[in-house]
There are 2 protein chains.
Amino acid sequence: MTEPNRDDGSNDGPLAGFRVLELGHYVAAPFATRLLGDLGAEVIKVEPPGGDPVRQWGARYKGSAPWWSVHARNKRCISLDLKKPEARAVVLDLVKHCDALVENFRPGQLARMGLGEAELRAARPDLVIARVSGYGQDGPDRDKAAFGVIGEAIGGLRHLTDHPPGTSDLPPVRVGVSIGDSVAGIYAALGVVAALLRRERTGRGGEIDVALTESIFSLLEGALPEYGTLGTVRQPTGGAIATAAPTNAYRARDGVWMLIAANSDPLFRRLAALMGQPGLVEDPRFAGNQARCANTKVLDAIIGEWAGGLDADALEAALRDANIPHTRVYTVADIAADAQFRARGMVQEVADPMLGAVLHPGVVPRMDHTPNAPRSTGPAVGADNASVLGEVLGYDAARIASLKEGGVL
Amino acid sequence: MTEPNRDDGSNDGPLAGFRVLELGHYVAAPFATRLLGDLGAEVIKVEPPGGDPVRQWGARYKGSAPWWSVHARNKRCISLDLKKPEARAVVLDLVKHCDALVENFRPGQLARMGLGEAELRAARPDLVIARVSGYGQDGPDRDKAAFGVIGEAIGGLRHLTDHPPGTSDLPPVRVGVSIGDSVAGIYAALGVVAALLRRERTGRGGEIDVALTESIFSLLEGALPEYGTLGTVRQPTGGAIATAAPTNAYRARDGVWMLIAANSDPLFRRLAALMGQPGLVEDPRFAGNQARCANTKVLDAIIGEWAGGLDADALEAALRDANIPHTRVYTVADIAADAQFRARGMVQEVADPMLGAVLHPGVVPRMDHTPNAPRSTGPAVGADNASVLGEVLGYDAARIASLKEGGVL
């Protein structure tokens with residue numbers, strides 16, 4: 001896999017030849033189509049003429065969010081005011097030419113615009129339709145307002161991402177990214193590809209229904225079966241792990257957090273020796289993983305005091321020499337400088353026509369015959385109106401001009 | 001989608017007819033194959049005769065982890081001591097009968113056992129091979145010890161999952177689940193299905209290379225392009241969001257954390273009125289989202305004081321009546337009792353022959369023609385030795401007995 005560009009003329013990703021229509025905004029649906037585009041699909045994104053609001057999210061550079069360069073890479077962007085009646089016919093024309101549709105409107109909203117399943121299937125009977133929503137397409141809560149943070153809280157992750165009960169008065173911590181949207185997006189991509197695979201064999205389209213709440217909930221390991229059998233309610237453990245110790249982040253003298261995972265007997269023995277306290281392994285509080293888990297607080301304090309006496313570079317060198325799994329807690333600056341990320345093309349400089357040089361992440365999952373570099377960066381609103389409506393749909397210049405004059409594009 | 005069991009005889013998931021071999025342990029690879037099994041694939045898991053260590057992880061019930069019932073559902077489990085030379089031929093025989101292989105040994109370890117790519121492809125030229133590892137299959141760090149928590153730290157998520165700098169001396173918080181393993185598992189499943197789709201068209205197998213570090217890093221939204229263009233290093237924001245306020249968890253009088261997302265002008269107006277402080281919307285510190293983001297700390301204190309005067313039930317009712325997006329921060333007990341999760345079959349009681357009734361999560365993503373209930377629960381070690389080696393591989397009873405006597409099974 002070190003040579004993604006093999007010489008057999010098929011170096012364009014496993015989804016090359018499939019066309020995906022995105023009726024999406026914000027994060028979840030656009031992330032799904034970005035993954036599909038990364039794997040070679042041709043993606044057409046429909047935006048309101050004012051643009052997807054995410055174009056302005058977060059920090060801005062030269063008038064737009066640098067994130068956009070990545071979030072809309074490998075996509076063609078057309079503008080369309082879905083509130084105008086003429087837009088409906090354009091969407092249905094697009095659907096005719098697409099294998100899959102990914103959307104994250106509120107449940108039922110597309111149907112109210114005349115783009116319900118019957119209309120979509122009339123245009124393209126074998127269409128694969130993936131819908132992403134807060135709570136899912138049915139059930140008593142389907143119409144509730146969905147925010148990513150609410151999905152994270154209902155899916156059970158917010159509760160678990162906190163210091164242990166009684167540690168502090170601070171609220172539980174948000175996972176520092178829009179985790180619900182992103183995980184839902186990956187599941188939507190998985191559903192689309194699985195439905196396309198089935199379509200190859202059966203000729204039938206498919207429907208995928210991904211909820212943010214459920215995507216988060218799917219990550220909860222054994223929490224549900226444990227609750228169902230034993231009645232135990234899983235609780236947060238701060239920076240540690242309930243079942244293995246010591247594993248936590250410890251602050252070096254210069255303020256850097258260092259993650260140390262010395263949670264087996266041989267690793268703990270090496271750590272104790274390194275700290276100059278070999279007797280700890282005989283201490284009944286720390287002899288064996290079970291004892292260490294029961295005394296995490298005092299053990300973490302001992303390790304923290306030792307770590308706090310060294311600057312991060314020295315601490316890192318000592319842990320490396322002792323062969324104890326560790327890492328500094330990376331910021332994005334550390335990521336950008338990391339030799340492994342660079343070696344695998346996970347951090348790469350890309351030329352963006354609007355922004356200049358931009359750092360892009362590579363393609364995950366890495367696959368053979370799949371280029372790691374983007375074919376294009378996120379374009380301006382409506383940048384591809386003429387090419388998509390002209391080349392894909394065969395509209396003539398007069399028709400495109402008329403749509404533009406009518407404010408439809 | 002409310003009626004998953006349509007009456008056309010194809011209600012068995014989009015991956016029905018595909019067979020997947022798991023040479024996995026712990027979380028990442030087994031989670032990938034669980035997802036593939038949920039979508040209809042036949043999964044055969046190979047374990048050492050002592051069993052996958054994850055069978056004993058976390059809480060135990062009747063001698064094993066309730067998680068196992070879910071983690072190994074829809075899988076047939078065979079035992080095989082890969083250190084014995086006879087095991088190699090059995091694996092290669094299995095490969096002949098499988099479409100895909102998912103493994104999470106250390107990079108290169110299977111090759112050292114005589115199960116490198118050349119040997120696998122000799123057995124099955126069009127095999128799809130997915131490998132999950134800490135850092136990836138190549139690059140300077142490929143041989144480093146990989147732990148989930150280290151992937152989380154190197155991928156940049158640990159740094160972002162913390163209170164804002166200067167808030168407390170507590171370490172950053174671990175996302176409360178093995179997030180790196182799970183997300184890597186979903187990506188591996190996506191890669192396998194994409195490669196199978198390509199195989200339908202080209203006849204060619206494929207290789208997927210998923211790293212825990214990169215799977216986490218893929219979730220970082222615009223952090224990398226922002227750093228690359230502006231030099232800004234994204235920092236954690238505790239329970240809040242950097243770009244929208246107020247959104248946080250606030251503690252009710254009875255200790256329950258309530259997530260409130262009133263981060264638009266109309267929503268904030270309603271919240272201010274509900275709190276009996278309508279003047280807040282005119283206060284220059286809180287007029288408009290930008291001002292509110294700049295004064296989050298004082299605003300959160302005001303809301304927190306109000307919330308702390310009400311029990312969770314009363315707080316919830318007030319927010320519901322005022323139509324302000326909110327939710328209590330769910331524990332797994334809340335999830336198990338939730339009407340929406342129940343209505344969508346995301347929490348369902350399943351009969352486990354070993355454990356009795358166990359609560360299982362439903363299938364994510366939900367898809368048409370895909371049963372939501374598991375076909376089987378996680379079996380005992382080696383439970384399917386006879387059926388897999390006999391029916392799938394065609395070994396006779398004498399050969400199976402000889403493998404058993406030799407300690408290979």
# chains A, B, ... in the order shown; residues from 1 in each chain; ligands from 1

$ residues_around --residues "Arg199 of chain B" --least-positions-apart "2" --cutoff "12 Å" --atoms "only C-alpha atoms" --output "tab-separated table (two decimals) with all heavy atoms, in the first residue's frame"
chain	number	residue	atom	x	y	z
A	13	GLY	N	-10.22	4.71	-7.22
A	13	GLY	CA	-11.07	4.46	-6.07
A	13	GLY	C	-12.16	3.45	-6.37
A	13	GLY	O	-12.63	3.33	-7.50
A	14	PRO	N	-12.58	2.73	-5.33
A	14	PRO	CA	-13.55	1.64	-5.53
A	14	PRO	C	-14.94	2.13	-5.97
A	14	PRO	O	-15.70	1.34	-6.51
A	14	PRO	CB	-13.61	0.97	-4.15
A	14	PRO	CG	-13.13	2.01	-3.19
A	14	PRO	CD	-12.13	2.82	-3.94
A	15	LEU	N	-15.25	3.40	-5.72
A	15	LEU	CA	-16.58	3.88	-6.08
A	15	LEU	C	-16.59	4.66	-7.40
A	15	LEU	O	-17.59	5.32	-7.73
A	15	LEU	CB	-17.15	4.74	-4.95
A	15	LEU	CG	-17.23	4.05	-3.58
A	15	LEU	CD1	-17.90	4.98	-2.56
A	15	LEU	CD2	-18.00	2.73	-3.67
A	197	LEU	N	-23.96	-2.39	-3.36
A	197	LEU	CA	-23.48	-3.77	-3.57
A	197	LEU	C	-24.68	-4.71	-3.79
A	197	LEU	O	-24.68	-5.54	-4.69
A	197	LEU	CB	-22.65	-4.20	-2.36
A	197	LEU	CG	-22.16	-5.65	-2.32
A	197	LEU	CD1	-21.31	-5.98	-3.53
A	197	LEU	CD2	-21.36	-5.92	-1.04
A	200	GLU	N	-26.14	-4.37	-7.24
A	200	GLU	CA	-25.43	-5.08	-8.31
A	200	GLU	C	-26.01	-6.48	-8.51
A	200	GLU	O	-26.03	-7.00	-9.62
A	200	GLU	CB	-23.94	-5.22	-7.98
A	200	GLU	CG	-23.16	-3.92	-7.94
A	200	GLU	CD	-22.92	-3.33	-9.32
A	200	GLU	OE1	-22.57	-4.09	-10.22
A	200	GLU	OE2	-23.11	-2.10	-9.48
B	99	ASP	N	-15.01	-14.38	1.31
B	99	ASP	CA	-14.89	-13.23	0.43
B	99	ASP	C	-13.95	-12.18	1.01
B	99	ASP	O	-13.31	-11.43	0.27
B	99	ASP	CB	-16.26	-12.60	0.21
B	99	ASP	CG	-17.24	-13.59	-0.41
B	99	ASP	OD1	-17.10	-13.83	-1.62
B	99	ASP	OD2	-18.09	-14.15	0.32
B	100	ALA	N	-13.93	-12.10	2.33
B	100	ALA	CA	-13.14	-11.05	2.98
B	100	ALA	C	-12.52	-11.57	4.26
B	100	ALA	O	-13.03	-12.50	4.88
B	100	ALA	CB	-14.01	-9.83	3.28
B	125	PRO	N	-7.55	-15.68	-4.75
B	125	PRO	CA	-6.97	-14.53	-5.45
B	125	PRO	C	-7.78	-13.24	-5.28
B	125	PRO	O	-7.20	-12.16	-5.25
B	125	PRO	CB	-6.95	-14.99	-6.91
B	125	PRO	CG	-6.94	-16.48	-6.84
B	125	PRO	CD	-7.72	-16.85	-5.62
B	126	ASP	N	-9.11	-13.35	-5.19
B	126	ASP	CA	-9.90	-12.11	-5.13
B	126	ASP	C	-10.31	-11.75	-3.71
B	126	ASP	O	-11.31	-11.06	-3.50
B	126	ASP	CB	-11.12	-12.23	-6.05
B	126	ASP	CG	-12.10	-13.28	-5.55
B	126	ASP	OD1	-11.77	-14.01	-4.59
B	126	ASP	OD2	-13.21	-13.37	-6.11
B	127	LEU	N	-9.52	-12.19	-2.73
B	127	LEU	CA	-9.85	-11.89	-1.34
B	127	LEU	C	-9.77	-10.39	-1.04
B	127	LEU	O	-8.86	-9.70	-1.51
B	127	LEU	CB	-8.86	-12.64	-0.43
B	127	LEU	CG	-9.13	-12.59	1.08
B	127	LEU	CD1	-10.38	-13.38	1.44
B	127	LEU	CD2	-7.91	-13.12	1.86
B	128	VAL	N	-10.71	-9.91	-0.27
B	128	VAL	CA	-10.64	-8.55	0.27
B	128	VAL	C	-10.04	-8.66	1.67
B	128	VAL	O	-10.55	-9.39	2.52
B	128	VAL	CB	-12.04	-7.91	0.34
B	128	VAL	CG1	-12.01	-6.61	1.15
B	128	VAL	CG2	-12.58	-7.69	-1.08
B	192	VAL	N	-14.32	-2.72	3.47
B	192	VAL	CA	-14.61	-4.08	2.99
B	192	VAL	C	-15.76	-4.04	1.98
B	192	VAL	O	-15.70	-4.63	0.90
B	192	VAL	CB	-14.97	-5.01	4.17
B	192	VAL	CG1	-15.61	-6.30	3.67
B	192	VAL	CG2	-13.72	-5.32	4.99
B	193	VAL	N	-16.82	-3.32	2.32
B	193	VAL	CA	-17.99	-3.32	1.44
B	193	VAL	C	-17.66	-2.60	0.13
B	193	VAL	O	-18.06	-3.04	-0.96
B	193	VAL	CB	-19.20	-2.69	2.16
B	193	VAL	CG1	-20.42	-2.70	1.23
B	193	VAL	CG2	-19.52	-3.46	3.43
B	194	ALA	N	-16.89	-1.51	0.21
B	194	ALA	CA	-16.50	-0.80	-1.01
B	194	ALA	C	-15.65	-1.71	-1.90
B	194	ALA	O	-15.81	-1.73	-3.13
B	194	ALA	CB	-15.74	0.48	-0.66
B	195	ALA	N	-14.75	-2.47	-1.30
B	195	ALA	CA	-13.91	-3.37	-2.09
B	195	ALA	C	-14.74	-4.51	-2.69
B	195	ALA	O	-14.48	-4.94	-3.82
B	195	ALA	CB	-12.78	-3.93	-1.23
B	196	LEU	N	-15.74	-5.00	-1.96
B	196	LEU	CA	-16.61	-6.05	-2.51
B	196	LEU	C	-17.42	-5.49	-3.68
B	196	LEU	O	-17.65	-6.19	-4.67
B	196	LEU	CB	-17.54	-6.59	-1.43
B	196	LEU	CG	-16.87	-7.46	-0.35
B	196	LEU	CD1	-17.87	-7.77	0.77
B	196	LEU	CD2	-16.32	-8.76	-0.95
B	197	LEU	N	-17.85	-4.25	-3.56
B	197	LEU	CA	-18.59	-3.62	-4.66
B	197	LEU	C	-17.70	-3.53	-5.91
B	197	LEU	O	-18.12	-3.86	-7.02
B	197	LEU	CB	-19.07	-2.24	-4.22
B	197	LEU	CG	-19.77	-1.38	-5.27
B	197	LEU	CD1	-20.99	-2.08	-5.85
B	197	LEU	CD2	-20.18	-0.03	-4.66
B	201	ARG	N	-17.51	-5.64	-10.09
B	201	ARG	CA	-17.33	-5.06	-11.42
B	201	ARG	C	-16.01	-5.45	-12.06
B	201	ARG	O	-15.90	-5.47	-13.29
B	201	ARG	CB	-17.44	-3.54	-11.34
B	201	ARG	CG	-18.81	-3.12	-10.85
B	201	ARG	CD	-19.07	-1.65	-11.05
B	201	ARG	NE	-20.52	-1.42	-11.12
B	201	ARG	CZ	-21.08	-0.25	-11.37
B	201	ARG	NH1	-20.34	0.81	-11.62
B	201	ARG	NH2	-22.39	-0.13	-11.41
B	202	THR	N	-15.00	-5.70	-11.24
B	202	THR	CA	-13.66	-5.93	-11.79
B	202	THR	C	-13.14	-7.34	-11.56
B	202	THR	O	-12.16	-7.74	-12.18
B	202	THR	CB	-12.63	-4.97	-11.14
B	202	THR	OG1	-12.51	-5.33	-9.74
B	202	THR	CG2	-13.07	-3.52	-11.25
B	203	GLY	N	-13.75	-8.05	-10.62
B	203	GLY	CA	-13.24	-9.37	-10.28
B	203	GLY	C	-12.02	-9.34	-9.37
B	203	GLY	O	-11.50	-10.38	-8.99
B	204	ARG	N	-11.59	-8.15	-9.03
B	204	ARG	CA	-10.36	-7.99	-8.27
B	204	ARG	C	-10.64	-7.89	-6.77
B	204	ARG	O	-11.63	-7.28	-6.38
B	204	ARG	CB	-9.69	-6.70	-8.74
B	204	ARG	CG	-8.20	-6.65	-8.60
B	204	ARG	CD	-7.65	-5.39	-9.27
B	204	ARG	NE	-8.18	-4.19	-8.64
B	204	ARG	CZ	-8.56	-3.11	-9.29
B	204	ARG	NH1	-8.51	-3.08	-10.62
B	204	ARG	NH2	-9.00	-2.07	-8.65
B	205	GLY	N	-9.79	-8.44	-5.95
B	205	GLY	CA	-9.90	-8.27	-4.50
B	205	GLY	C	-9.43	-6.89	-4.08
B	205	GLY	O	-9.40	-5.96	-4.89
B	206	GLY	N	-9.03	-6.77	-2.83
B	206	GLY	CA	-8.59	-5.45	-2.38
B	206	GLY	C	-7.91	-5.51	-1.04
B	206	GLY	O	-7.92	-6.54	-0.36
B	207	GLU	N	-7.32	-4.37	-0.70
B	207	GLU	CA	-6.62	-4.25	0.58
B	207	GLU	C	-7.02	-2.97	1.27
B	207	GLU	O	-6.96	-1.89	0.66
B	207	GLU	CB	-5.12	-4.16	0.34
B	207	GLU	CG	-4.42	-5.46	0.27
B	207	GLU	CD	-2.97	-5.19	-0.02
B	207	GLU	OE1	-2.64	-5.05	-1.21
B	207	GLU	OE2	-2.19	-5.08	0.93

$ residues_around --residues "Gly180 of chain B" --least-positions-apart "2" --cutoff "6 Å" --atoms "only C-alpha atoms" --output "list in words"
Gly148, Glu152, Ser178, Ser182, Val183, Ala184, Leu212 and Ile216 of chain B

$ residues_around --residues "Leu299 of chain B" --least-positions-apart "6" --cutoff "12 Å" --atoms "only C-alpha atoms" --output "list in words"
Ala240, Ala245, Pro246, Thr247, Asn248, Tyr250, Ala262, Asn263, Phe268, Leu271, Ala272, Gln277, Leu280, Val281, Asp283, Pro284, Arg285, Phe286, Ala287, Asn289, Ala291, Arg292, Cys293, Glu305 and Trp306 of chain B

$ atom_distance --atom1 "atom CA of Ala111 of chain B" --atom2 "atom CA of Leu389 of chain B"
23.1 Å

$ closest_residue --among "A:His163, A:His25, A:Lys297, A:Arg375" --to "chain B" --atoms "only C-alpha atoms"
A:His163

$ residues_around --residues "Tyr187 of chain B" --least-positions-apart "4" --cutoff "10 Å" --atoms "only C-alpha atoms" --output "compact mmCIF listing (two decimals) with N, CA and C atoms, in the first residue's frame"
# COMPACT_ATOMS: atom_id res chain seq x y z
N LEU A 35 -16.81 11.21 2.24
CA LEU A 35 -16.16 9.90 2.31
C LEU A 35 -16.38 9.14 1.00
N VAL A 183 -19.90 10.38 13.04
CA VAL A 183 -20.12 8.93 13.08
C VAL A 183 -21.37 8.57 12.28
N ILE A 186 -20.35 8.43 8.69
CA ILE A 186 -19.64 7.21 8.28
C ILE A 186 -20.64 6.06 8.12
N TYR A 187 -21.59 5.97 9.06
CA TYR A 187 -22.61 4.91 8.93
C TYR A 187 -23.45 5.10 7.66
N ALA A 189 -22.47 6.44 4.88
CA ALA A 189 -21.63 6.01 3.76
C ALA A 189 -21.60 4.49 3.67
N LEU A 190 -21.46 3.83 4.82
CA LEU A 190 -21.47 2.36 4.85
C LEU A 190 -22.79 1.83 4.28
N VAL A 364 -9.36 8.14 4.58
CA VAL A 364 -9.58 7.04 5.53
C VAL A 364 -10.88 6.37 5.12
N PRO A 365 -10.94 5.06 4.94
CA PRO A 365 -9.84 4.11 5.05
C PRO A 365 -8.92 4.15 3.83
N ARG A 366 -7.63 3.89 4.09
CA ARG A 366 -6.70 3.74 2.95
C ARG A 366 -7.03 2.45 2.23
N ALA B 28 -11.49 -3.56 17.73
CA ALA B 28 -11.62 -2.93 16.40
C ALA B 28 -12.06 -3.91 15.31
N ALA B 32 -15.83 -4.38 13.48
CA ALA B 32 -16.04 -4.31 12.02
C ALA B 32 -16.85 -5.51 11.54
N ALA B 130 -8.84 -6.65 5.04
CA ALA B 130 -8.87 -5.40 5.80
C ALA B 130 -8.02 -5.59 7.05
N VAL B 132 -6.60 -3.69 10.54
CA VAL B 132 -6.74 -2.57 11.47
C VAL B 132 -5.55 -2.60 12.42
N ASP B 181 -11.08 2.46 18.57
CA ASP B 181 -11.35 1.11 18.05
C ASP B 181 -12.66 1.07 17.29
N SER B 182 -13.69 1.68 17.85
CA SER B 182 -15.00 1.57 17.22
C SER B 182 -15.04 2.31 15.88
N VAL B 183 -14.50 3.52 15.86
CA VAL B 183 -14.53 4.27 14.60
C VAL B 183 -13.66 3.57 13.57
N GLY B 191 -14.63 -0.01 4.19
CA GLY B 191 -13.64 -0.41 3.20
C GLY B 191 -13.92 -1.78 2.62
N VAL B 192 -14.32 -2.72 3.47
CA VAL B 192 -14.61 -4.08 2.99
C VAL B 192 -15.76 -4.04 1.98
N VAL B 193 -16.82 -3.32 2.32
CA VAL B 193 -17.99 -3.32 1.44
C VAL B 193 -17.66 -2.60 0.13
N ILE B 208 -7.39 -3.07 2.52
CA ILE B 208 -7.79 -1.91 3.31
C ILE B 208 -6.87 -1.82 4.51
N ASP B 209 -6.44 -0.62 4.82
CA ASP B 209 -5.41 -0.38 5.84
C ASP B 209 -5.93 0.75 6.73
N VAL B 210 -6.49 0.37 7.88
CA VAL B 210 -7.11 1.35 8.77
C VAL B 210 -6.26 1.51 10.03
N ALA B 211 -5.94 2.74 10.37
CA ALA B 211 -5.18 3.04 11.59
C ALA B 211 -6.10 3.70 12.61
N LEU B 212 -5.94 3.31 13.87
CA LEU B 212 -6.72 3.96 14.94
C LEU B 212 -6.45 5.46 14.98
N SER B 215 -8.18 7.17 12.10
CA SER B 215 -9.64 7.15 12.22
C SER B 215 -10.10 8.27 13.14

$ closest_residue --among "B:Thr161, B:Asp93, B:Gly17, B:Gly185" --to "Thr33 of chain B" --atoms "only C-alpha atoms"
B:Gly185

$ residues_around --residues "Phe341 of chain A" --least-positions-apart "5" --cutoff "9 Å" --atoms "only C-alpha atoms" --output "list in words"
Ile335, Ala336, Met346, Val347, Gln348 and Gly362 of chain A; Tyr135, Gly139, Thr213 and Glu214 of chain B

$ closest_residue --among "B:Met275, B:Val27, B:Ala401, B:Cys77" --to "chain A" --atoms "only C-alpha atoms"
B:Val27

$ residues_around --residues "Glu221 of chain B" --least-positions-apart "3" --cutoff "10 Å" --atoms "only C-alpha atoms" --output "compact mmCIF listing (two decimals) with C-alpha atoms, in the first residue's frame"
# COMPACT_ATOMS: atom_id res chain seq x y z
CA VAL A 27 -21.96 18.12 8.86
CA PHE A 31 -19.38 14.17 5.64
CA GLY A 58 -15.35 28.33 12.65
CA TRP A 67 -12.75 23.58 6.57
CA TRP A 68 -14.78 24.00 3.38
CA VAL A 70 -11.82 19.68 2.83
CA HIS A 71 -15.53 19.27 3.60
CA VAL A 177 -15.74 17.56 17.79
CA SER A 178 -19.17 17.02 16.24
CA ILE A 179 -18.85 13.32 16.94
CA SER A 182 -19.36 12.44 11.89
CA PRO A 361 -6.18 15.07 5.75
CA PHE B 217 -7.93 12.27 13.23
CA SER B 218 -10.56 12.02 10.45
CA LEU B 224 -6.09 20.84 10.16
CA PRO B 225 -6.96 23.30 7.34
CA GLU B 226 -7.45 26.06 9.94

$ residues_around --residues "Leu92 of chain B" --least-positions-apart "2" --cutoff "9 Å" --atoms "only C-alpha atoms" --output "PyMOL selection string"
chain B and resi 87-90+94-97+115+119-120+122-124

$ atom_distance --atom1 "atom CA of Thr331 of chain B" --atom2 "atom CA of Lys75 of chain B"
28.7 Å

$ select_by_dssp --residues "segment 64-245 of chain B" --states "helix (DSSP H, G or I)" --output "JSON, numbers by chain"
{"B": [66, 67, 68, 69, 70, 71, 85, 86, 87, 88, 89, 90, 91, 92, 93, 94, 95, 96, 109, 110, 111, 112, 117, 118, 119, 120, 121, 122, 123, 148, 149, 150, 151, 152, 153, 154, 157, 158, 159, 160, 179, 180, 181, 182, 183, 184, 185, 186, 187, 188, 189, 190, 191, 192, 193, 194, 195, 196, 197, 198, 199, 200, 201, 202, 212, 213, 214, 215, 216, 217, 223, 224, 225, 226, 227, 228, 229, 230]}

$ closest_residue --among "A:Val298, A:Leu355, A:Leu319, A:Ala252" --to "chain B" --atoms "only C-alpha atoms"
A:Leu355

$ select_by_dssp --residues "segment 88-292 of chain B" --states "strand (DSSP E or B)" --output "list of chain:residue names"
B:Ala100, B:Leu101, B:Val102, B:Glu103, B:Val128, B:Ile129, B:Ala130, B:Arg131, B:Val132, B:Ser133, B:Gly206, B:Glu207, B:Ile208, B:Asp209, B:Val210, B:Ala211, B:Ile241, B:Ala244, B:Thr247, B:Asn248, B:Ala249, B:Tyr250, B:Arg251, B:Trp257, B:Met258, B:Leu259, B:Ile260, B:Ala261

$ decode --residues "segment 47-77 of chain B" --atoms "C-alpha atoms" --output "CSV table (one decimal), in the first residue's frame"
chain,number,residue,atom,x,y,z
B,47,GLU,CA,-10.1,-17.4,18.4
B,48,PRO,CA,-7.3,-18.9,20.4
B,49,PRO,CA,-8.4,-22.0,22.4
B,50,GLY,CA,-8.4,-19.8,25.5
B,51,GLY,CA,-10.8,-17.4,23.9
B,52,ASP,CA,-10.7,-13.7,22.9
B,53,PRO,CA,-9.6,-11.8,26.0
B,54,VAL,CA,-12.6,-9.5,25.5
B,55,ARG,CA,-14.8,-12.3,26.7
B,56,GLN,CA,-13.7,-11.4,30.2
B,57,TRP,CA,-13.7,-7.6,29.8
B,58,GLY,CA,-15.8,-5.4,32.1
B,59,ALA,CA,-18.6,-6.6,34.2
B,60,ARG,CA,-19.3,-10.4,34.2
B,61,TYR,CA,-22.5,-12.3,34.4
B,62,LYS,CA,-22.7,-16.1,34.6
B,63,GLY,CA,-18.9,-16.3,34.0
B,64,SER,CA,-18.6,-14.1,30.9
B,65,ALA,CA,-18.9,-10.5,29.8
B,66,PRO,CA,-22.5,-9.6,28.8
B,67,TRP,CA,-20.9,-7.5,26.1
B,68,TRP,CA,-19.9,-10.8,24.4
B,69,SER,CA,-23.5,-11.6,23.6
B,70,VAL,CA,-23.5,-8.5,21.4
B,71,HIS,CA,-19.9,-8.3,20.3
B,72,ALA,CA,-20.0,-11.8,18.8
B,73,ARG,CA,-23.6,-11.9,17.6
B,74,ASN,CA,-24.2,-13.3,14.2
B,75,LYS,CA,-20.8,-14.9,14.3
B,76,ARG,CA,-19.7,-18.5,14.2
B,77,CYS,CA,-16.7,-19.0,16.5
